[in-house]
Amino acid sequence: MTVDVEDFFHVSAFESVISPDNWQQFKPRVDINTRRLLDLFASHNVKSTFFVLGWVAERYPDLIKEIHQQGHEIASHGYAHQRATKQTPEVFKQDVLRSLNHLEDLLGEKILGYRAPSFSIGYTNEWAFEILAELGFKYSSSTYPVKHDLYGTPDWPRFAYQRKEGITEIPIPTHRVLGRQTPIGGGGYFRLYPYALTKFLVKSYLKKEQQPYSFYFHPWEIDENQPKVAGASAKSNFRHYINLDKTYGKLDKLLDDFSWDTMRNVYNITVD
Ligand SMILES: [Zn+2]
């Protein structure tokens with residue numbers, strides 16, 4: 001189980017209308033939404049990996065400590081939620097390092113995992129894995145082997161594998177039919193699909209692939225009361241706002257119907 005801890009105004013779907021310079025104009029809701037999730041996880045006795053955005057960790061250190069104290073894994077989602085595909089290696093490294101240093105100082109322990117914003121490691125920036133390994137990360141979950149307008153590495157491995165750079169990559173799960181993969185890892189698709197379909201797809205994946213299934217979503221996805229962002233495209237609006245009022249209930253069922261744990265436990269990630 002994974003959560004990308006960021007707020008509604010950080011998402012890539014709104015990056016053309018909200019730049020990082022404007023983030024401070026919004027009233028954050030990530031704190032209350034993440035605390036609702038912590039209660040939900042606790043009620044199911046589920047442990048999760050939280051990929052925390054550095055921007056959030058700097059503003060809500062107590063929230064990050066609380067997540068950690070409840071036995072969840074803290075991992076990094078970088079600092080400023082910029083796609084790695086748009087960064088130079090040096091800018092990428094500085095962004096990741098800033099979040100890593102902050103999280104490790106805050107918790108006094110090593111951070112093992114990283115997830116790139118919008119699964120933005122792919123064909124054009126494999127150098128990112130080298131930098132992650134150099135910074136001491138043991139795993140990444142930054143690739144999505146599907147065809148999508150914003151991301152995707154359809155012909156890269158679909159299951160966790162060891163990279164030559166010395167890091168384990170855990171791709172987002174996909175459903176493969178007739179040689180084509182469709183996304184089943186969470187987020188917008190989880191909100192779009194009826195719960196019964198998600199349950200069916202997860203069950204089939206577990207049975208057919210004999211691989212652990214990982215799920216991702218964001219605290220804003222259970223927040224039907226978040227303010228509407230003006231000026232975004234119809235497609236971005238659809239992706240962001242569809243079924244926000246139903247996600248909490250679906251998640252409740254998902255936590256019940258399968259057994260979950262942190263990335264480091266499920267994929268046996270160890271510190272050397
Ligand atoms: Zn994100």
# chains A, B, ... in the order shown; residues from 1 in each chain; ligands from 1
call {"tool": "residues_near_ligand", "arguments": {"ligand": "ligand 1", "cutoff": "10 Å", "atoms": "only C-alpha atoms and all ligand atoms", "output": "list in words"}}
result
Val3, Asp4, Val5, Glu6, Asp7, Phe8, His10, Val11, Ser12, Phe51, Val52, Leu53, His77, Gly78, Ala80, His81, Gln82, Arg83, Arg115, Ala116, Pro117, Ser118, Phe119, Ser120, Tyr216, Phe217 and His218 of chain A
call {"tool": "write_last_selection", "arguments": {"atoms": "C-alpha atoms", "output": "PDB file, in the first residue's frame"}}
result
ATOM      1  CA  VAL A   3       0.357   7.002  -0.492  1.00  0.00           C
ATOM      2  CA  ASP A   4       1.955   9.956  -2.294  1.00  0.00           C
ATOM      3  CA  VAL A   5       1.750  12.701   0.305  1.00  0.00           C
ATOM      4  CA  GLU A   6       1.081  15.912  -1.603  1.00  0.00           C
ATOM      5  CA  ASP A   7      -1.691  18.490  -1.799  1.00  0.00           C
ATOM      6  CA  PHE A   8      -4.307  19.163  -4.484  1.00  0.00           C
ATOM      7  CA  HIS A  10       0.859  20.114  -6.352  1.00  0.00           C
ATOM      8  CA  VAL A  11      -0.496  17.675  -8.929  1.00  0.00           C
ATOM      9  CA  SER A  12       0.908  17.498 -12.448  1.00  0.00           C
ATOM     10  CA  PHE A  51       6.132   8.831  -0.342  1.00  0.00           C
ATOM     11  CA  VAL A  52       6.332  12.304   1.157  1.00  0.00           C
ATOM     12  CA  LEU A  53       6.896  15.480  -0.832  1.00  0.00           C
ATOM     13  CA  HIS A  77       8.562  11.861  -3.402  1.00  0.00           C
ATOM     14  CA  GLY A  78      11.238  14.511  -4.103  1.00  0.00           C
ATOM     15  CA  ALA A  80       9.041  20.295  -5.481  1.00  0.00           C
ATOM     16  CA  HIS A  81       6.989  17.843  -7.579  1.00  0.00           C
ATOM     17  CA  GLN A  82       8.627  18.595 -10.902  1.00  0.00           C
ATOM     18  CA  ARG A  83       8.707  15.824 -13.488  1.00  0.00           C
ATOM     19  CA  ARG A 115       8.940   7.716  -6.201  1.00  0.00           C
ATOM     20  CA  ALA A 116       9.271  10.257  -9.025  1.00  0.00           C
ATOM     21  CA  PRO A 117       6.413  12.751  -9.537  1.00  0.00           C
ATOM     22  CA  SER A 118       4.002  11.393 -12.188  1.00  0.00           C
ATOM     23  CA  PHE A 119       6.108   8.238 -12.702  1.00  0.00           C
ATOM     24  CA  SER A 120       8.537  10.414 -14.651  1.00  0.00           C
ATOM     25  CA  TYR A 216      -1.014   4.154  -4.946  1.00  0.00           C
ATOM     26  CA  PHE A 217      -3.198   7.146  -4.221  1.00  0.00           C
ATOM     27  CA  HIS A 218      -3.076  10.643  -2.719  1.00  0.00           C
TER      28      HIS A 218
END
call {"tool": "residues_around", "arguments": {"residues": "Phe41 in chain A", "least_positions_apart": "3", "cutoff": "12 Å", "atoms": "only C-alpha atoms", "output": "JSON, numbers by chain"}}
result
{"A": [1, 2, 3, 34, 35, 36, 37, 38, 44, 45, 46, 47, 48, 49, 50, 67, 70, 71, 72, 248, 251, 252, 253, 254, 255, 256, 259, 260, 261, 262]}
call {"tool": "residues_around", "arguments": {"residues": "Ala133 in chain A", "least_positions_apart": "6", "cutoff": "9 Å", "atoms": "only C-alpha atoms", "output": "JSON, numbers by chain"}}
result
{"A": [139, 165, 166, 167]}
call {"tool": "closest_residue", "arguments": {"among": "A:Lys208, A:Lys65, A:Lys235, A:Lys203", "to": "Glu109 in chain A", "atoms": "only C-alpha atoms"}}
result
A:Lys65
call {"tool": "residues_around", "arguments": {"residues": "Val96 in chain A", "least_positions_apart": "2", "cutoff": "9 Å", "atoms": "only C-alpha atoms", "output": "list in words"}}
result
Gly54, Ser76, His77, Gly78, Tyr79, Ala80, Val91, Phe92, Lys93, Gln94, Arg98, Ser99, Leu100, Asn101, Tyr114, Leu132 and Leu135 of chain A
call {"tool": "write_last_selection", "arguments": {"atoms": "C-alpha atoms", "output": "short mmCIF file (atom, residue, chain, number, x, y, z; two decimals), in the first residue's frame"}}
result
data_model
loop_
_atom_site.label_atom_id
_atom_site.label_comp_id
_atom_site.auth_asym_id
_atom_site.auth_seq_id
_atom_site.Cartn_x
_atom_site.Cartn_y
_atom_site.Cartn_z
CA GLY A 54 9.71 17.54 0.73
CA SER A 76 10.67 10.33 -0.62
CA HIS A 77 8.56 11.86 -3.40
CA GLY A 78 11.24 14.51 -4.10
CA TYR A 79 10.97 18.14 -3.02
CA ALA A 80 9.04 20.30 -5.48
CA VAL A 91 18.53 19.76 -10.84
CA PHE A 92 16.98 16.33 -10.25
CA LYS A 93 19.75 15.43 -7.81
CA GLN A 94 19.39 18.65 -5.83
CA ARG A 98 16.82 18.29 -0.39
CA SER A 99 13.86 16.02 0.45
CA LEU A 100 16.10 13.14 1.50
CA ASN A 101 18.22 15.21 3.90
CA TYR A 114 11.81 7.08 -3.81
CA LEU A 132 19.15 7.51 -6.81
CA LEU A 135 22.20 8.97 -2.95
#
call {"tool": "select_by_dssp", "arguments": {"residues": "range 61-150 of chain A", "states": "strand (DSSP E or B)", "output": "number ranges by chain"}}
result
A: 73-76, 113-114, 139-140
call {"tool": "write_last_selection", "arguments": {"atoms": "C-alpha atoms", "output": "tab-separated table (two decimals), in the first residue's frame"}}
result
chain	number	residue	atom	x	y	z
A	73	GLU	CA	7.35	3.56	6.19
A	74	ILE	CA	8.43	7.05	5.16
A	75	ALA	CA	9.94	7.37	1.67
A	76	SER	CA	10.67	10.33	-0.62
A	113	GLY	CA	12.55	4.40	-1.20
A	114	TYR	CA	11.81	7.08	-3.81
A	139	TYR	CA	14.39	1.04	-4.30
A	140	SER	CA	12.31	3.24	-6.55
call {"tool": "select_by_dssp", "arguments": {"residues": "range 16-177 of chain A", "states": "helix (DSSP H, G or I)", "output": "PyMOL selection string"}}
result
chain A and resi 20-25+30-44+54-59+61-69+84-86+89-107+117-119+127-134
call {"tool": "atom_distance", "arguments": {"atom1": "CA of Pro28 in chain A", "atom2": "CA of Leu112 in chain A"}}
result
26.9 Å
call {"tool": "closest_residue", "arguments": {"among": "A:Leu106, A:Val17, A:Ala196, A:Val229", "to": "Arg59 in chain A", "atoms": "only C-alpha atoms"}}
result
A:Leu106
call {"tool": "closest_residue", "arguments": {"among": "A:Tyr189, A:Tyr195, A:Tyr205, A:Trp23", "to": "Val177 in chain A", "atoms": "only C-alpha atoms"}}
result
A:Tyr205
call {"tool": "residues_around", "arguments": {"residues": "Pro212 in chain A", "least_positions_apart": "2", "cutoff": "12 Å", "atoms": "only C-alpha atoms", "output": "mmCIF file with all heavy atoms, in the first residue's frame"}}
result
data_model
loop_
_atom_site.group_PDB
_atom_site.id
_atom_site.type_symbol
_atom_site.label_atom_id
_atom_site.label_comp_id
_atom_site.auth_asym_id
_atom_site.auth_seq_id
_atom_site.Cartn_x
_atom_site.Cartn_y
_atom_site.Cartn_z
ATOM 1 N N MET A 1 0.844 -1.183 0.000
ATOM 2 C CA MET A 1 0.000 0.000 0.000
ATOM 3 C C MET A 1 0.885 1.241 0.000
ATOM 4 O O MET A 1 1.815 1.321 0.782
ATOM 5 C CB MET A 1 -0.876 -0.041 1.263
ATOM 6 C CG MET A 1 -1.723 1.183 1.497
ATOM 7 S SD MET A 1 -2.870 1.622 0.163
ATOM 8 C CE MET A 1 -3.848 0.139 -0.010
ATOM 9 N N ARG A 158 7.436 -5.275 -16.050
ATOM 10 C CA ARG A 158 6.171 -5.029 -15.349
ATOM 11 C C ARG A 158 6.253 -5.363 -13.864
ATOM 12 O O ARG A 158 5.364 -4.997 -13.110
ATOM 13 C CB ARG A 158 5.057 -5.891 -15.972
ATOM 14 C CG ARG A 158 4.708 -5.515 -17.393
ATOM 15 C CD ARG A 158 3.676 -6.486 -17.932
ATOM 16 N NE ARG A 158 2.463 -6.486 -17.131
ATOM 17 C CZ ARG A 158 1.708 -7.566 -16.911
ATOM 18 N NH1 ARG A 158 2.039 -8.733 -17.420
ATOM 19 N NH2 ARG A 158 0.616 -7.482 -16.180
ATOM 20 N N PHE A 159 7.286 -6.093 -13.471
ATOM 21 C CA PHE A 159 7.379 -6.528 -12.077
ATOM 22 C C PHE A 159 8.704 -6.064 -11.480
ATOM 23 O O PHE A 159 9.635 -5.725 -12.225
ATOM 24 C CB PHE A 159 7.269 -8.059 -12.002
ATOM 25 C CG PHE A 159 6.096 -8.595 -12.774
ATOM 26 C CD1 PHE A 159 6.289 -9.479 -13.825
ATOM 27 C CD2 PHE A 159 4.805 -8.177 -12.471
ATOM 28 C CE1 PHE A 159 5.200 -9.952 -14.558
ATOM 29 C CE2 PHE A 159 3.718 -8.639 -13.198
ATOM 30 C CZ PHE A 159 3.914 -9.523 -14.247
ATOM 31 N N ALA A 160 8.770 -6.074 -10.143
ATOM 32 C CA ALA A 160 9.967 -5.596 -9.450
ATOM 33 C C ALA A 160 11.217 -6.277 -10.005
ATOM 34 O O ALA A 160 11.218 -7.482 -10.228
ATOM 35 C CB ALA A 160 9.834 -5.861 -7.954
ATOM 36 N N ILE A 170 10.343 -0.929 -8.689
ATOM 37 C CA ILE A 170 9.048 -1.582 -8.491
ATOM 38 C C ILE A 170 8.011 -0.859 -9.356
ATOM 39 O O ILE A 170 7.460 0.167 -8.958
ATOM 40 C CB ILE A 170 8.635 -1.547 -7.002
ATOM 41 C CG1 ILE A 170 9.757 -2.131 -6.119
ATOM 42 C CG2 ILE A 170 7.308 -2.302 -6.803
ATOM 43 C CD1 ILE A 170 9.562 -1.929 -4.619
ATOM 44 N N PRO A 171 7.774 -1.356 -10.582
ATOM 45 C CA PRO A 171 6.837 -0.670 -11.480
ATOM 46 C C PRO A 171 5.403 -0.718 -10.929
ATOM 47 O O PRO A 171 5.069 -1.606 -10.153
ATOM 48 C CB PRO A 171 6.932 -1.471 -12.785
ATOM 49 C CG PRO A 171 8.148 -2.323 -12.660
ATOM 50 C CD PRO A 171 8.337 -2.573 -11.198
ATOM 51 N N ILE A 172 4.586 0.215 -11.363
ATOM 52 C CA ILE A 172 3.181 0.246 -10.981
ATOM 53 C C ILE A 172 2.468 -0.912 -11.718
ATOM 54 O O ILE A 172 2.740 -1.144 -12.899
ATOM 55 C CB ILE A 172 2.547 1.611 -11.366
ATOM 56 C CG1 ILE A 172 3.375 2.785 -10.797
ATOM 57 C CG2 ILE A 172 1.104 1.711 -10.893
ATOM 58 C CD1 ILE A 172 3.535 2.835 -9.307
ATOM 59 N N PRO A 173 1.583 -1.637 -11.045
ATOM 60 C CA PRO A 173 0.942 -2.817 -11.659
ATOM 61 C C PRO A 173 0.063 -2.493 -12.870
ATOM 62 O O PRO A 173 -0.579 -1.434 -12.934
ATOM 63 C CB PRO A 173 0.076 -3.378 -10.534
ATOM 64 C CG PRO A 173 0.635 -2.825 -9.288
ATOM 65 C CD PRO A 173 1.193 -1.482 -9.643
ATOM 66 N N THR A 174 0.074 -3.423 -13.808
ATOM 67 C CA THR A 174 -0.723 -3.268 -15.025
ATOM 68 C C THR A 174 -1.490 -4.555 -15.306
ATOM 69 O O THR A 174 -1.094 -5.634 -14.866
ATOM 70 C CB THR A 174 0.208 -3.007 -16.228
ATOM 71 O OG1 THR A 174 1.243 -3.993 -16.224
ATOM 72 C CG2 THR A 174 0.813 -1.632 -16.172
ATOM 73 N N GLY A 185 -3.006 0.451 -11.158
ATOM 74 C CA GLY A 185 -2.257 0.691 -9.919
ATOM 75 C C GLY A 185 -2.902 1.620 -8.914
ATOM 76 O O GLY A 185 -2.401 1.776 -7.805
ATOM 77 N N VAL A 202 -7.538 -6.745 -9.390
ATOM 78 C CA VAL A 202 -6.467 -7.044 -8.425
ATOM 79 C C VAL A 202 -6.383 -8.549 -8.188
ATOM 80 O O VAL A 202 -5.298 -9.138 -8.189
ATOM 81 C CB VAL A 202 -6.673 -6.290 -7.092
ATOM 82 C CG1 VAL A 202 -5.623 -6.696 -6.067
ATOM 83 C CG2 VAL A 202 -6.626 -4.779 -7.308
ATOM 84 N N LYS A 203 -7.551 -9.169 -8.025
ATOM 85 C CA LYS A 203 -7.582 -10.626 -7.822
ATOM 86 C C LYS A 203 -6.971 -11.355 -9.013
ATOM 87 O O LYS A 203 -6.176 -12.279 -8.849
ATOM 88 C CB LYS A 203 -9.033 -11.097 -7.641
ATOM 89 C CG LYS A 203 -9.502 -11.071 -6.208
ATOM 90 C CD LYS A 203 -10.829 -11.792 -6.092
ATOM 91 C CE LYS A 203 -11.095 -12.240 -4.680
ATOM 92 N NZ LYS A 203 -12.426 -12.839 -4.540
ATOM 93 N N SER A 204 -7.344 -10.966 -10.231
ATOM 94 C CA SER A 204 -6.795 -11.628 -11.425
ATOM 95 C C SER A 204 -5.283 -11.438 -11.505
ATOM 96 O O SER A 204 -4.557 -12.347 -11.889
ATOM 97 C CB SER A 204 -7.383 -11.111 -12.736
ATOM 98 O OG SER A 204 -8.581 -10.504 -12.568
ATOM 99 N N TYR A 205 -4.839 -10.217 -11.177
ATOM 100 C CA TYR A 205 -3.395 -9.936 -11.213
ATOM 101 C C TYR A 205 -2.652 -10.875 -10.268
ATOM 102 O O TYR A 205 -1.657 -11.498 -10.644
ATOM 103 C CB TYR A 205 -3.159 -8.474 -10.820
ATOM 104 C CG TYR A 205 -1.711 -8.046 -10.752
ATOM 105 C CD1 TYR A 205 -1.082 -7.468 -11.852
ATOM 106 C CD2 TYR A 205 -0.970 -8.201 -9.580
ATOM 107 C CE1 TYR A 205 0.243 -7.063 -11.790
ATOM 108 C CE2 TYR A 205 0.362 -7.802 -9.510
ATOM 109 C CZ TYR A 205 0.962 -7.230 -10.616
ATOM 110 O OH TYR A 205 2.279 -6.831 -10.538
ATOM 111 N N LEU A 206 -3.151 -10.990 -9.030
ATOM 112 C CA LEU A 206 -2.471 -11.820 -8.028
ATOM 113 C C LEU A 206 -2.415 -13.274 -8.488
ATOM 114 O O LEU A 206 -1.408 -13.952 -8.343
ATOM 115 C CB LEU A 206 -3.179 -11.709 -6.667
ATOM 116 C CG LEU A 206 -3.085 -10.339 -5.992
ATOM 117 C CD1 LEU A 206 -4.004 -10.288 -4.771
ATOM 118 C CD2 LEU A 206 -1.646 -10.027 -5.572
ATOM 119 N N LYS A 207 -3.533 -13.732 -9.067
ATOM 120 C CA LYS A 207 -3.628 -15.123 -9.466
ATOM 121 C C LYS A 207 -2.769 -15.405 -10.703
ATOM 122 O O LYS A 207 -1.983 -16.346 -10.737
ATOM 123 C CB LYS A 207 -5.096 -15.442 -9.761
ATOM 124 C CG LYS A 207 -5.353 -16.908 -9.954
ATOM 125 C CD LYS A 207 -6.840 -17.232 -9.944
ATOM 126 C CE LYS A 207 -6.992 -18.690 -10.331
ATOM 127 N NZ LYS A 207 -8.102 -18.935 -11.221
ATOM 128 N N LYS A 208 -2.897 -14.553 -11.700
ATOM 129 C CA LYS A 208 -2.220 -14.785 -12.969
ATOM 130 C C LYS A 208 -0.722 -14.508 -12.897
ATOM 131 O O LYS A 208 0.091 -15.270 -13.406
ATOM 132 C CB LYS A 208 -2.855 -13.885 -14.035
ATOM 133 C CG LYS A 208 -2.335 -14.096 -15.436
ATOM 134 C CD LYS A 208 -3.142 -13.257 -16.439
ATOM 135 C CE LYS A 208 -2.314 -12.998 -17.676
ATOM 136 N NZ LYS A 208 -2.556 -11.678 -18.251
ATOM 137 N N GLU A 209 -0.352 -13.406 -12.270
ATOM 138 C CA GLU A 209 1.051 -12.992 -12.295
ATOM 139 C C GLU A 209 1.865 -13.577 -11.140
ATOM 140 O O GLU A 209 3.099 -13.591 -11.214
ATOM 141 C CB GLU A 209 1.161 -11.459 -12.274
ATOM 142 C CG GLU A 209 0.232 -10.725 -13.238
ATOM 143 C CD GLU A 209 0.558 -10.989 -14.715
ATOM 144 O OE1 GLU A 209 1.502 -11.765 -14.988
ATOM 145 O OE2 GLU A 209 -0.142 -10.432 -15.581
ATOM 146 N N GLN A 210 1.183 -13.993 -10.058
ATOM 147 C CA GLN A 210 1.915 -14.506 -8.888
ATOM 148 C C GLN A 210 2.984 -13.505 -8.411
ATOM 149 O O GLN A 210 4.115 -13.881 -8.107
ATOM 150 C CB GLN A 210 2.574 -15.867 -9.203
ATOM 151 C CG GLN A 210 1.579 -16.964 -9.561
ATOM 152 C CD GLN A 210 0.769 -17.414 -8.340
ATOM 153 O OE1 GLN A 210 1.300 -17.708 -7.283
ATOM 154 N NE2 GLN A 210 -0.559 -17.450 -8.489
ATOM 155 N N SER A 214 0.919 -3.648 -5.908
ATOM 156 C CA SER A 214 1.042 -2.421 -5.113
ATOM 157 C C SER A 214 0.021 -1.394 -5.596
ATOM 158 O O SER A 214 -0.328 -1.362 -6.782
ATOM 159 C CB SER A 214 2.461 -1.856 -5.185
ATOM 160 O OG SER A 214 2.734 -1.378 -6.480
ATOM 161 N N PHE A 215 -0.457 -0.594 -4.671
ATOM 162 C CA PHE A 215 -1.531 0.369 -4.942
ATOM 163 C C PHE A 215 -1.053 1.754 -4.533
ATOM 164 O O PHE A 215 -0.383 1.908 -3.519
ATOM 165 C CB PHE A 215 -2.753 -0.025 -4.104
ATOM 166 C CG PHE A 215 -3.937 0.889 -4.266
ATOM 167 C CD1 PHE A 215 -4.793 0.731 -5.355
ATOM 168 C CD2 PHE A 215 -4.209 1.888 -3.335
ATOM 169 C CE1 PHE A 215 -5.899 1.567 -5.518
ATOM 170 C CE2 PHE A 215 -5.316 2.728 -3.497
ATOM 171 C CZ PHE A 215 -6.161 2.559 -4.583
ATOM 172 N N PHE A 258 -8.013 -7.249 0.836
ATOM 173 C CA PHE A 258 -6.680 -7.812 0.569
ATOM 174 C C PHE A 258 -5.803 -7.523 1.780
ATOM 175 O O PHE A 258 -6.168 -6.715 2.627
ATOM 176 C CB PHE A 258 -6.076 -7.170 -0.693
ATOM 177 C CG PHE A 258 -6.910 -7.395 -1.927
ATOM 178 C CD1 PHE A 258 -7.857 -6.447 -2.319
ATOM 179 C CD2 PHE A 258 -6.790 -8.563 -2.673
ATOM 180 C CE1 PHE A 258 -8.659 -6.655 -3.443
ATOM 181 C CE2 PHE A 258 -7.584 -8.782 -3.793
ATOM 182 C CZ PHE A 258 -8.520 -7.828 -4.178
ATOM 183 N N SER A 259 -4.655 -8.199 1.853
ATOM 184 C CA SER A 259 -3.755 -7.874 2.965
ATOM 185 C C SER A 259 -2.617 -7.001 2.445
ATOM 186 O O SER A 259 -2.104 -7.202 1.333
ATOM 187 C CB SER A 259 -3.240 -9.136 3.655
ATOM 188 O OG SER A 259 -2.579 -9.937 2.728
ATOM 189 N N TRP A 260 -2.245 -6.013 3.245
ATOM 190 C CA TRP A 260 -1.333 -4.947 2.797
ATOM 191 C C TRP A 260 -0.168 -4.793 3.747
ATOM 192 O O TRP A 260 -0.279 -5.088 4.934
ATOM 193 C CB TRP A 260 -2.096 -3.609 2.723
ATOM 194 C CG TRP A 260 -3.270 -3.643 1.818
ATOM 195 C CD1 TRP A 260 -4.584 -3.854 2.183
ATOM 196 C CD2 TRP A 260 -3.280 -3.490 0.397
ATOM 197 N NE1 TRP A 260 -5.385 -3.818 1.073
ATOM 198 C CE2 TRP A 260 -4.618 -3.597 -0.040
ATOM 199 C CE3 TRP A 260 -2.273 -3.250 -0.554
ATOM 200 C CZ2 TRP A 260 -4.982 -3.483 -1.384
ATOM 201 C CZ3 TRP A 260 -2.630 -3.133 -1.887
ATOM 202 C CH2 TRP A 260 -3.981 -3.248 -2.294
ATOM 203 N N ASP A 261 0.925 -4.240 3.218
ATOM 204 C CA ASP A 261 2.071 -3.913 4.067
ATOM 205 C C ASP A 261 2.904 -2.832 3.355
ATOM 206 O O ASP A 261 2.548 -2.394 2.261
ATOM 207 C CB ASP A 261 2.905 -5.182 4.318
ATOM 208 C CG ASP A 261 3.715 -5.100 5.616
ATOM 209 O OD1 ASP A 261 3.932 -3.982 6.117
ATOM 210 O OD2 ASP A 261 4.143 -6.161 6.109
ATOM 211 N N THR A 262 4.015 -2.439 3.993
ATOM 212 C CA THR A 262 4.877 -1.407 3.403
ATOM 213 C C THR A 262 5.664 -1.996 2.224
ATOM 214 O O THR A 262 5.825 -3.210 2.108
ATOM 215 C CB THR A 262 5.906 -0.913 4.440
ATOM 216 O OG1 THR A 262 6.720 -2.028 4.846
ATOM 217 C CG2 THR A 262 5.227 -0.334 5.667
ATOM 218 N N MET A 263 6.184 -1.113 1.387
ATOM 219 C CA MET A 263 7.006 -1.550 0.255
ATOM 220 C C MET A 263 8.229 -2.316 0.768
ATOM 221 O O MET A 263 8.575 -3.372 0.241
ATOM 222 C CB MET A 263 7.476 -0.345 -0.562
ATOM 223 C CG MET A 263 6.376 0.360 -1.317
ATOM 224 S SD MET A 263 5.674 -0.681 -2.618
ATOM 225 C CE MET A 263 6.065 0.281 -4.072
ATOM 226 N N ASN A 265 8.726 -4.065 3.366
ATOM 227 C CA ASN A 265 8.409 -5.420 3.839
ATOM 228 C C ASN A 265 7.986 -6.344 2.704
ATOM 229 O O ASN A 265 8.441 -7.472 2.615
ATOM 230 C CB ASN A 265 7.292 -5.383 4.888
ATOM 231 C CG ASN A 265 7.803 -4.869 6.223
ATOM 232 O OD1 ASN A 265 9.013 -4.767 6.428
ATOM 233 N ND2 ASN A 265 6.894 -4.526 7.119
ATOM 234 N N VAL A 266 7.103 -5.862 1.843
ATOM 235 C CA VAL A 266 6.584 -6.720 0.774
ATOM 236 C C VAL A 266 7.697 -7.132 -0.195
ATOM 237 O O VAL A 266 7.756 -8.276 -0.641
ATOM 238 C CB VAL A 266 5.440 -6.014 0.016
ATOM 239 C CG1 VAL A 266 5.036 -6.797 -1.235
ATOM 240 C CG2 VAL A 266 4.227 -5.834 0.935
ATOM 241 N N TYR A 267 8.587 -6.192 -0.512
ATOM 242 C CA TYR A 267 9.630 -6.485 -1.505
ATOM 243 C C TYR A 267 10.979 -6.819 -0.851
ATOM 244 O O TYR A 267 12.005 -6.842 -1.552
ATOM 245 C CB TYR A 267 9.752 -5.310 -2.487
ATOM 246 C CG TYR A 267 8.503 -5.135 -3.332
ATOM 247 C CD1 TYR A 267 7.486 -4.270 -2.929
ATOM 248 C CD2 TYR A 267 8.306 -5.877 -4.501
ATOM 249 C CE1 TYR A 267 6.318 -4.133 -3.670
ATOM 250 C CE2 TYR A 267 7.155 -5.743 -5.240
ATOM 251 C CZ TYR A 267 6.157 -4.867 -4.831
ATOM 252 O OH TYR A 267 5.008 -4.726 -5.571
ATOM 253 N N ASN A 268 10.937 -7.069 0.453
ATOM 254 C CA ASN A 268 12.170 -7.458 1.188
ATOM 255 C C ASN A 268 13.346 -6.529 0.927
ATOM 256 O O ASN A 268 14.443 -6.966 0.550
ATOM 257 C CB ASN A 268 12.601 -8.886 0.821
ATOM 258 C CG ASN A 268 11.569 -9.880 1.265
ATOM 259 O OD1 ASN A 268 11.087 -9.823 2.393
ATOM 260 N ND2 ASN A 268 11.175 -10.783 0.356
#
call {"tool": "residues_around", "arguments": {"residues": "Lys147 in chain A", "least_positions_apart": "2", "cutoff": "12 Å", "atoms": "only C-alpha atoms", "output": "list of chain:residue names"}}
result
A:Gly122, A:Thr143, A:Tyr144, A:Pro145, A:Asp149, A:Leu150, A:Tyr151, A:Gly152, A:Thr153, A:Pro154, A:Asp155, A:Trp156, A:Thr174, A:Arg180, A:Gln181, A:Thr182, A:Pro183
call {"tool": "closest_residue", "arguments": {"among": "A:Lys250, A:Arg29, A:Lys228, A:His240", "to": "Leu197 in chain A", "atoms": "only C-alpha atoms"}}
result
A:Lys250
call {"tool": "atom_distance", "arguments": {"atom1": "CA of Glu224 in chain A", "atom2": "CA of Tyr241 in chain A"}}
result
8.2 Å
call {"tool": "closest_residue", "arguments": {"among": "A:Ser43, A:Gln25, A:Ser16, A:Asn243", "to": "Gly231 in chain A", "atoms": "only C-alpha atoms"}}
result
A:Ser16
